[in-house]
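Colleague: Dropping in entry.cif, with mmCIF, N, CA and C atoms.
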```cif
data_final
loop_
_atom_site.label_atom_id
_atom_site.label_comp_id
_atom_site.auth_asym_id
_atom_site.auth_seq_id
_atom_site.Cartn_x
_atom_site.Cartn_y
_atom_site.Cartn_z
N MET A 1 -7.84 7.07 -8.43
CA MET A 1 -8.55 5.81 -8.58
C MET A 1 -8.31 5.29 -9.99
N SER A 2 -8.09 4.00 -10.10
CA SER A 2 -7.80 3.37 -11.39
C SER A 2 -9.06 3.27 -12.25
N THR A 3 -8.88 3.46 -13.54
CA THR A 3 -10.00 3.31 -14.46
C THR A 3 -10.07 1.90 -15.03
N GLY A 4 -9.07 1.08 -14.72
CA GLY A 4 -9.03 -0.26 -15.25
C GLY A 4 -8.32 -0.33 -16.60
N ASN A 5 -7.94 0.84 -17.14
CA ASN A 5 -7.27 0.87 -18.44
C ASN A 5 -5.77 1.06 -18.29
N ASP A 6 -5.26 1.14 -17.08
CA ASP A 6 -3.84 1.36 -16.86
C ASP A 6 -3.04 0.17 -17.38
N LYS A 7 -1.99 0.46 -18.13
CA LYS A 7 -1.13 -0.61 -18.65
C LYS A 7 -0.12 -1.03 -17.59
N ASN A 8 0.27 -0.12 -16.71
CA ASN A 8 1.26 -0.43 -15.69
C ASN A 8 0.63 -1.24 -14.57
N PHE A 9 1.39 -2.19 -14.06
CA PHE A 9 0.94 -3.01 -12.95
C PHE A 9 1.26 -2.27 -11.65
N ASP A 10 0.25 -1.90 -10.91
CA ASP A 10 0.42 -1.15 -9.67
C ASP A 10 -0.21 -1.96 -8.55
N LEU A 11 0.62 -2.70 -7.84
CA LEU A 11 0.10 -3.58 -6.79
C LEU A 11 -0.49 -2.79 -5.63
N GLU A 12 0.04 -1.62 -5.35
CA GLU A 12 -0.54 -0.80 -4.29
C GLU A 12 -1.98 -0.41 -4.64
N GLU A 13 -2.19 0.03 -5.88
CA GLU A 13 -3.54 0.38 -6.32
C GLU A 13 -4.44 -0.85 -6.37
N ARG A 14 -3.90 -1.94 -6.86
CA ARG A 14 -4.70 -3.18 -6.97
C ARG A 14 -5.18 -3.64 -5.60
N THR A 15 -4.31 -3.58 -4.61
CA THR A 15 -4.72 -4.02 -3.27
C THR A 15 -5.70 -3.04 -2.63
N ALA A 16 -5.56 -1.75 -2.96
CA ALA A 16 -6.52 -0.76 -2.45
C ALA A 16 -7.89 -0.98 -3.07
N VAL A 17 -7.94 -1.21 -4.37
CA VAL A 17 -9.20 -1.48 -5.06
C VAL A 17 -9.82 -2.77 -4.52
N PHE A 18 -8.99 -3.76 -4.25
CA PHE A 18 -9.48 -5.01 -3.66
C PHE A 18 -10.17 -4.73 -2.33
N GLY A 19 -9.54 -3.95 -1.47
CA GLY A 19 -10.16 -3.58 -0.20
C GLY A 19 -11.48 -2.87 -0.38
N GLU A 20 -11.54 -1.96 -1.35
CA GLU A 20 -12.79 -1.24 -1.64
C GLU A 20 -13.89 -2.21 -2.09
N LYS A 21 -13.53 -3.16 -2.93
CA LYS A 21 -14.51 -4.14 -3.41
C LYS A 21 -14.99 -5.04 -2.28
N VAL A 22 -14.09 -5.38 -1.38
CA VAL A 22 -14.48 -6.18 -0.21
C VAL A 22 -15.49 -5.40 0.64
N ILE A 23 -15.23 -4.13 0.84
CA ILE A 23 -16.16 -3.28 1.61
C ILE A 23 -17.52 -3.24 0.93
N ASP A 24 -17.53 -3.01 -0.37
CA ASP A 24 -18.80 -2.96 -1.11
C ASP A 24 -19.55 -4.29 -1.01
N PHE A 25 -18.82 -5.40 -1.15
CA PHE A 25 -19.44 -6.72 -1.02
C PHE A 25 -20.01 -6.90 0.38
N ALA A 26 -19.23 -6.56 1.39
CA ALA A 26 -19.66 -6.74 2.78
C ALA A 26 -20.92 -5.93 3.08
N LYS A 27 -21.03 -4.75 2.49
CA LYS A 27 -22.23 -3.92 2.70
C LYS A 27 -23.47 -4.55 2.09
N ALA A 28 -23.29 -5.44 1.10
CA ALA A 28 -24.42 -6.09 0.44
C ALA A 28 -24.88 -7.37 1.14
N VAL A 29 -24.07 -7.87 2.05
CA VAL A 29 -24.42 -9.12 2.74
C VAL A 29 -25.51 -8.84 3.78
N PRO A 30 -26.59 -9.62 3.75
CA PRO A 30 -27.65 -9.44 4.76
C PRO A 30 -27.08 -9.62 6.17
N ARG A 31 -27.51 -8.77 7.08
CA ARG A 31 -27.02 -8.81 8.47
C ARG A 31 -27.92 -9.71 9.31
N ASN A 32 -27.29 -10.66 9.99
CA ASN A 32 -27.97 -11.48 10.99
C ASN A 32 -26.93 -12.00 11.97
N GLU A 33 -27.32 -12.78 12.93
CA GLU A 33 -26.37 -13.18 13.97
C GLU A 33 -25.25 -14.06 13.44
N VAL A 34 -25.46 -14.75 12.33
CA VAL A 34 -24.40 -15.56 11.73
C VAL A 34 -23.48 -14.70 10.87
N THR A 35 -24.04 -13.83 10.07
CA THR A 35 -23.21 -13.09 9.12
C THR A 35 -22.45 -11.91 9.73
N LYS A 36 -22.94 -11.35 10.82
CA LYS A 36 -22.24 -10.18 11.40
C LYS A 36 -20.76 -10.45 11.67
N PRO A 37 -20.40 -11.54 12.36
CA PRO A 37 -18.97 -11.77 12.58
C PRO A 37 -18.21 -12.10 11.28
N LEU A 38 -18.88 -12.76 10.35
CA LEU A 38 -18.23 -13.09 9.08
C LEU A 38 -17.93 -11.82 8.28
N ILE A 39 -18.87 -10.90 8.29
CA ILE A 39 -18.68 -9.62 7.60
C ILE A 39 -17.51 -8.87 8.21
N SER A 40 -17.47 -8.83 9.52
CA SER A 40 -16.38 -8.15 10.21
C SER A 40 -15.03 -8.77 9.83
N GLN A 41 -14.98 -10.07 9.78
CA GLN A 41 -13.73 -10.77 9.46
C GLN A 41 -13.28 -10.50 8.02
N ILE A 42 -14.22 -10.55 7.07
CA ILE A 42 -13.82 -10.35 5.68
C ILE A 42 -13.37 -8.92 5.43
N VAL A 43 -14.00 -7.97 6.11
CA VAL A 43 -13.56 -6.58 5.97
C VAL A 43 -12.15 -6.42 6.55
N ARG A 44 -11.91 -7.02 7.70
CA ARG A 44 -10.58 -6.92 8.31
C ARG A 44 -9.51 -7.53 7.40
N SER A 45 -9.73 -8.76 6.94
CA SER A 45 -8.70 -9.42 6.14
C SER A 45 -8.56 -8.76 4.76
N GLY A 46 -9.67 -8.43 4.14
CA GLY A 46 -9.62 -7.86 2.80
C GLY A 46 -8.98 -6.49 2.73
N THR A 47 -9.19 -5.68 3.75
CA THR A 47 -8.58 -4.35 3.75
C THR A 47 -7.15 -4.38 4.30
N SER A 48 -6.82 -5.42 5.04
CA SER A 48 -5.48 -5.57 5.59
C SER A 48 -4.44 -5.83 4.51
N VAL A 49 -4.85 -6.45 3.41
CA VAL A 49 -3.90 -6.77 2.34
C VAL A 49 -3.20 -5.50 1.86
N GLY A 50 -3.97 -4.49 1.51
CA GLY A 50 -3.38 -3.25 1.01
C GLY A 50 -2.58 -2.50 2.06
N ALA A 51 -3.08 -2.50 3.29
CA ALA A 51 -2.35 -1.82 4.37
C ALA A 51 -0.99 -2.46 4.60
N ASN A 52 -0.95 -3.78 4.60
CA ASN A 52 0.32 -4.47 4.81
C ASN A 52 1.23 -4.37 3.60
N TYR A 53 0.65 -4.30 2.41
CA TYR A 53 1.50 -4.10 1.23
C TYR A 53 2.18 -2.73 1.30
N GLY A 54 1.44 -1.72 1.72
CA GLY A 54 2.04 -0.40 1.89
C GLY A 54 3.17 -0.42 2.90
N GLU A 55 2.99 -1.17 3.98
CA GLU A 55 4.06 -1.29 4.98
C GLU A 55 5.25 -2.04 4.41
N ALA A 56 4.99 -3.06 3.59
CA ALA A 56 6.10 -3.81 2.97
C ALA A 56 6.89 -2.90 2.04
N ASP A 57 6.18 -2.05 1.33
CA ASP A 57 6.82 -1.11 0.41
C ASP A 57 7.75 -0.16 1.16
N ASP A 58 7.42 0.14 2.41
CA ASP A 58 8.24 1.04 3.23
C ASP A 58 9.12 0.29 4.23
N ALA A 59 9.31 -0.99 4.02
CA ALA A 59 10.07 -1.82 4.98
C ALA A 59 11.49 -1.29 5.18
N ILE A 60 11.98 -1.47 6.39
CA ILE A 60 13.31 -0.98 6.72
C ILE A 60 14.39 -2.06 6.64
N SER A 61 13.97 -3.30 6.39
CA SER A 61 14.92 -4.40 6.26
C SER A 61 14.30 -5.51 5.43
N ASN A 62 15.13 -6.44 4.97
CA ASN A 62 14.61 -7.60 4.24
C ASN A 62 13.67 -8.41 5.11
N LYS A 63 14.02 -8.54 6.38
CA LYS A 63 13.18 -9.30 7.30
C LYS A 63 11.80 -8.64 7.45
N ASP A 64 11.79 -7.33 7.61
CA ASP A 64 10.54 -6.58 7.72
C ASP A 64 9.71 -6.73 6.45
N PHE A 65 10.37 -6.61 5.28
CA PHE A 65 9.68 -6.76 4.00
C PHE A 65 9.04 -8.14 3.88
N ARG A 66 9.83 -9.17 4.16
CA ARG A 66 9.31 -10.54 4.04
C ARG A 66 8.14 -10.77 5.00
N ASN A 67 8.24 -10.24 6.20
CA ASN A 67 7.18 -10.40 7.19
C ASN A 67 5.88 -9.76 6.70
N LYS A 68 5.96 -8.55 6.17
CA LYS A 68 4.75 -7.85 5.69
C LYS A 68 4.16 -8.53 4.46
N ILE A 69 5.01 -9.00 3.54
CA ILE A 69 4.51 -9.71 2.36
C ILE A 69 3.87 -11.03 2.79
N ALA A 70 4.46 -11.69 3.77
CA ALA A 70 3.86 -12.94 4.28
C ALA A 70 2.49 -12.66 4.89
N THR A 71 2.35 -11.52 5.55
CA THR A 71 1.05 -11.14 6.10
C THR A 71 0.05 -10.88 4.97
N CYS A 72 0.48 -10.22 3.90
CA CYS A 72 -0.39 -10.00 2.74
C CYS A 72 -0.87 -11.34 2.19
N LYS A 73 0.04 -12.29 2.08
CA LYS A 73 -0.30 -13.62 1.57
C LYS A 73 -1.33 -14.29 2.48
N LYS A 74 -1.10 -14.21 3.78
CA LYS A 74 -2.00 -14.82 4.75
C LYS A 74 -3.38 -14.17 4.71
N GLU A 75 -3.42 -12.86 4.66
CA GLU A 75 -4.70 -12.15 4.65
C GLU A 75 -5.47 -12.40 3.36
N SER A 76 -4.77 -12.57 2.25
CA SER A 76 -5.43 -12.90 0.99
C SER A 76 -6.11 -14.27 1.10
N ARG A 77 -5.39 -15.23 1.65
CA ARG A 77 -5.97 -16.57 1.82
C ARG A 77 -7.15 -16.52 2.79
N GLU A 78 -7.01 -15.75 3.84
CA GLU A 78 -8.09 -15.64 4.82
C GLU A 78 -9.34 -15.03 4.20
N THR A 79 -9.16 -14.07 3.31
CA THR A 79 -10.31 -13.46 2.65
C THR A 79 -11.07 -14.49 1.83
N LYS A 80 -10.35 -15.41 1.17
CA LYS A 80 -11.03 -16.49 0.44
C LYS A 80 -11.87 -17.33 1.41
N HIS A 81 -11.32 -17.60 2.56
CA HIS A 81 -12.05 -18.40 3.56
C HIS A 81 -13.35 -17.71 3.98
N TRP A 82 -13.26 -16.41 4.27
CA TRP A 82 -14.46 -15.69 4.72
C TRP A 82 -15.49 -15.59 3.61
N CYS A 83 -15.04 -15.47 2.36
CA CYS A 83 -15.99 -15.51 1.23
C CYS A 83 -16.76 -16.82 1.25
N ARG A 84 -16.04 -17.90 1.42
CA ARG A 84 -16.68 -19.22 1.44
C ARG A 84 -17.70 -19.32 2.57
N MET A 85 -17.34 -18.81 3.74
CA MET A 85 -18.25 -18.90 4.89
C MET A 85 -19.49 -18.03 4.67
N ILE A 86 -19.31 -16.86 4.08
CA ILE A 86 -20.46 -15.98 3.80
C ILE A 86 -21.40 -16.66 2.80
N VAL A 87 -20.84 -17.26 1.77
CA VAL A 87 -21.68 -17.95 0.79
C VAL A 87 -22.41 -19.12 1.44
N ARG A 88 -21.76 -19.78 2.38
CA ARG A 88 -22.43 -20.87 3.10
C ARG A 88 -23.62 -20.33 3.89
N ALA A 89 -23.40 -19.20 4.55
CA ALA A 89 -24.46 -18.61 5.37
C ALA A 89 -25.55 -17.96 4.51
N GLU A 90 -25.17 -17.39 3.38
CA GLU A 90 -26.11 -16.67 2.50
C GLU A 90 -25.82 -17.08 1.05
N PRO A 91 -26.35 -18.23 0.61
CA PRO A 91 -26.04 -18.75 -0.72
C PRO A 91 -26.31 -17.77 -1.87
N GLN A 92 -27.24 -16.85 -1.71
CA GLN A 92 -27.54 -15.89 -2.77
C GLN A 92 -26.38 -14.91 -2.99
N MET A 93 -25.37 -14.92 -2.12
CA MET A 93 -24.22 -14.02 -2.26
C MET A 93 -23.11 -14.64 -3.12
N ARG A 94 -23.33 -15.83 -3.65
CA ARG A 94 -22.30 -16.54 -4.42
C ARG A 94 -21.76 -15.70 -5.58
N ASP A 95 -22.64 -15.10 -6.37
CA ASP A 95 -22.19 -14.32 -7.52
C ASP A 95 -21.37 -13.10 -7.09
N GLY A 96 -21.76 -12.48 -6.00
CA GLY A 96 -21.01 -11.33 -5.50
C GLY A 96 -19.67 -11.73 -4.89
N ALA A 97 -19.62 -12.93 -4.31
CA ALA A 97 -18.39 -13.40 -3.68
C ALA A 97 -17.36 -13.88 -4.69
N ALA A 98 -17.82 -14.37 -5.84
CA ALA A 98 -16.90 -14.99 -6.81
C ALA A 98 -15.74 -14.07 -7.23
N PRO A 99 -16.00 -12.80 -7.61
CA PRO A 99 -14.85 -11.97 -8.01
C PRO A 99 -13.93 -11.62 -6.84
N ILE A 100 -14.48 -11.52 -5.64
CA ILE A 100 -13.64 -11.28 -4.45
C ILE A 100 -12.74 -12.49 -4.23
N TRP A 101 -13.33 -13.67 -4.28
CA TRP A 101 -12.57 -14.91 -4.07
C TRP A 101 -11.47 -15.03 -5.13
N GLN A 102 -11.81 -14.76 -6.39
CA GLN A 102 -10.83 -14.87 -7.48
C GLN A 102 -9.68 -13.89 -7.30
N GLU A 103 -9.99 -12.66 -6.95
CA GLU A 103 -8.93 -11.67 -6.76
C GLU A 103 -8.08 -12.03 -5.54
N ALA A 104 -8.69 -12.52 -4.48
CA ALA A 104 -7.93 -12.96 -3.31
C ALA A 104 -6.99 -14.10 -3.69
N LYS A 105 -7.46 -15.01 -4.52
CA LYS A 105 -6.62 -16.12 -4.99
C LYS A 105 -5.43 -15.59 -5.79
N GLU A 106 -5.71 -14.66 -6.71
CA GLU A 106 -4.63 -14.11 -7.53
C GLU A 106 -3.62 -13.34 -6.68
N LEU A 107 -4.11 -12.55 -5.74
CA LEU A 107 -3.20 -11.82 -4.86
C LEU A 107 -2.37 -12.78 -4.02
N HIS A 108 -2.98 -13.85 -3.54
CA HIS A 108 -2.25 -14.85 -2.76
C HIS A 108 -1.09 -15.42 -3.59
N LEU A 109 -1.36 -15.74 -4.85
CA LEU A 109 -0.31 -16.26 -5.73
C LEU A 109 0.78 -15.23 -5.99
N ILE A 110 0.39 -13.98 -6.17
CA ILE A 110 1.37 -12.91 -6.38
C ILE A 110 2.28 -12.77 -5.17
N PHE A 111 1.69 -12.74 -3.98
CA PHE A 111 2.51 -12.58 -2.78
C PHE A 111 3.38 -13.80 -2.51
N ALA A 112 2.90 -14.98 -2.86
CA ALA A 112 3.72 -16.18 -2.73
C ALA A 112 4.94 -16.08 -3.65
N ALA A 113 4.74 -15.59 -4.88
CA ALA A 113 5.85 -15.43 -5.81
C ALA A 113 6.84 -14.37 -5.32
N ILE A 114 6.32 -13.28 -4.78
CA ILE A 114 7.20 -12.24 -4.24
C ILE A 114 8.06 -12.82 -3.12
N LEU A 115 7.44 -13.60 -2.24
CA LEU A 115 8.19 -14.20 -1.14
C LEU A 115 9.29 -15.15 -1.65
N ARG A 116 8.99 -15.93 -2.69
CA ARG A 116 9.97 -16.85 -3.23
C ARG A 116 11.18 -16.10 -3.79
N LYS A 117 10.94 -14.92 -4.36
CA LYS A 117 12.00 -14.16 -5.00
C LYS A 117 12.68 -13.15 -4.08
N ALA A 118 12.09 -12.89 -2.93
CA ALA A 118 12.63 -11.86 -2.02
C ALA A 118 13.95 -12.31 -1.42
N PRO A 119 14.83 -11.35 -1.18
CA PRO A 119 16.10 -11.69 -0.52
C PRO A 119 15.82 -12.30 0.85
N PRO A 120 16.62 -13.24 1.26
CA PRO A 120 16.39 -13.89 2.56
C PRO A 120 16.56 -12.91 3.71
N SER A 121 15.89 -13.23 4.80
CA SER A 121 16.03 -12.44 6.03
C SER A 121 17.40 -12.72 6.64
N LYS A 122 17.92 -11.72 7.34
CA LYS A 122 19.21 -11.91 8.02
C LYS A 122 19.05 -11.85 9.50
#
```
What does this structure look like when you write it as structure tokens?
Modeller:
Amino acid sequence: MSTGNDKNFDLEERTAVFGEKVIDFAKAVPRNEVTKPLISQIVRSGTSVGANYGEADDAISNKDFRNKIATCKKESRETKHWCRMIVRAEPQMRDGAAPIWQEAKELHLIFAAILRKAPPSK
């Protein structure tokens, strides 16, 4: 587990920590008939980022790599959406959602840059 003092950029660790933070945030959201599906969605999208990044790292072709990175990008954006919906349903969660939303935004930008630089699919 990262202490936050690592000088090296480790996207696998960063996406894993992101998933952990999403889980912690989701556990803090009050449960009711509106939030239950939103919680499920944010946990799925937020934890999917790291899982798909791991698959991209083990990709067997450029096409496979690009597909998995594109999924990471999509899931990052989706996590921002679910944060917004949770805050709409439970406004007191705004402060807890803000760092999740910000990290999802940053990861989305990182994956977009990776896609721009990745070798084309054949």
Colleague: Expanded to explicit residues, what is the PyMOL selection byres (((chain A and resi 45-52 and name CA) around 9) and name CA) for this file, as a PyMOL selection string?
Modeller: chain A and resi 11-23+40-44+53-57+68-69+71-79+82+100+104+107
Colleague: In Å, with one decimal, what is the gap from atom N of Pro119 (chain A) to atom C of Pro99 (chain A)?
Modeller: 29.3 Å
Colleague: Kindly give the distance, in Å, that separates CA of Leu38 (chain A) and atom C of His108 (chain A), rounded to a single decimal.
Modeller: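 It comes out at 21.4 Å.
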Colleague: Could you name the residues that touch Arg31 (chain A) at 12 Å or less, counting only C-alpha atoms, but leaving out those on the same chain fewer than 6 positions away, as a PDB file with N, CA and C atoms, in the coordinates of the input?
Modeller:
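Written out: out_8.pdb:
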```
ATOM      1  N   PRO A  37     -20.400 -11.540  12.360  1.00  0.00           N
ATOM      2  CA  PRO A  37     -18.970 -11.770  12.580  1.00  0.00           C
ATOM      3  C   PRO A  37     -18.210 -12.100  11.280  1.00  0.00           C
ATOM      4  N   LEU A  38     -18.880 -12.760  10.350  1.00  0.00           N
ATOM      5  CA  LEU A  38     -18.230 -13.090   9.080  1.00  0.00           C
ATOM      6  C   LEU A  38     -17.930 -11.820   8.280  1.00  0.00           C
ATOM      7  N   ILE A  39     -18.870 -10.900   8.290  1.00  0.00           N
ATOM      8  CA  ILE A  39     -18.680  -9.620   7.600  1.00  0.00           C
ATOM      9  C   ILE A  39     -17.510  -8.870   8.210  1.00  0.00           C
ATOM     10  N   SER A  40     -17.470  -8.830   9.520  1.00  0.00           N
ATOM     11  CA  SER A  40     -16.380  -8.150  10.210  1.00  0.00           C
ATOM     12  C   SER A  40     -15.030  -8.770   9.830  1.00  0.00           C
ATOM     13  N   ILE A  86     -19.310 -16.860   4.080  1.00  0.00           N
ATOM     14  CA  ILE A  86     -20.460 -15.980   3.800  1.00  0.00           C
ATOM     15  C   ILE A  86     -21.400 -16.660   2.800  1.00  0.00           C
ATOM     16  N   ALA A  89     -23.400 -19.200   4.550  1.00  0.00           N
ATOM     17  CA  ALA A  89     -24.460 -18.610   5.370  1.00  0.00           C
ATOM     18  C   ALA A  89     -25.550 -17.960   4.510  1.00  0.00           C
ATOM     19  N   GLU A  90     -25.170 -17.390   3.380  1.00  0.00           N
ATOM     20  CA  GLU A  90     -26.110 -16.670   2.500  1.00  0.00           C
ATOM     21  C   GLU A  90     -25.820 -17.080   1.050  1.00  0.00           C
TER      22      GLU A  90
END
```
Colleague: Can you tell me how far CA of Lys27 (chain A) sits from CA of Cys83 (chain A), in Å to one decimal?
Modeller: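 Computing it gives 13.2 Å between the two atoms.
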Colleague: Box time for region 110-114 of chain A: axis-aligned, enclosing all its listed atoms, 3 Å extra on each side; report centre and edge lengths in Å to one decimal, as lines of an AutoDock Vina configuration file.
Modeller:
```
center_x = 4.2
center_y = -14.2
center_z = -4.4
size_x = 13.7
size_y = 9.9
size_z = 9.9
```
Colleague: For Asn67 (chain A), which of A:Phe111, A:Lys80, A:Pro30, A:Ala97 is the closest residue, counting only C-alpha atoms?
Modeller: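 Looking only at the distances to Asn67 (chain A), the closest residue turns out to be A:Phe111.
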Colleague: Determine the nearest neighbour of Pro120 (chain A) from the options A:Lys36, A:His81, A:Arg66, A:Lys105, counting all atoms listed in the file.
Modeller: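 The closest residue to Pro120 (chain A) is A:Arg66.
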Colleague: Could you pull out the residues in chain A that DSSP calls helix (DSSP H, G or I) from the backbone, as a ChimeraX atom specification?
Modeller: /A:11-28,35-57,62-89,91-117
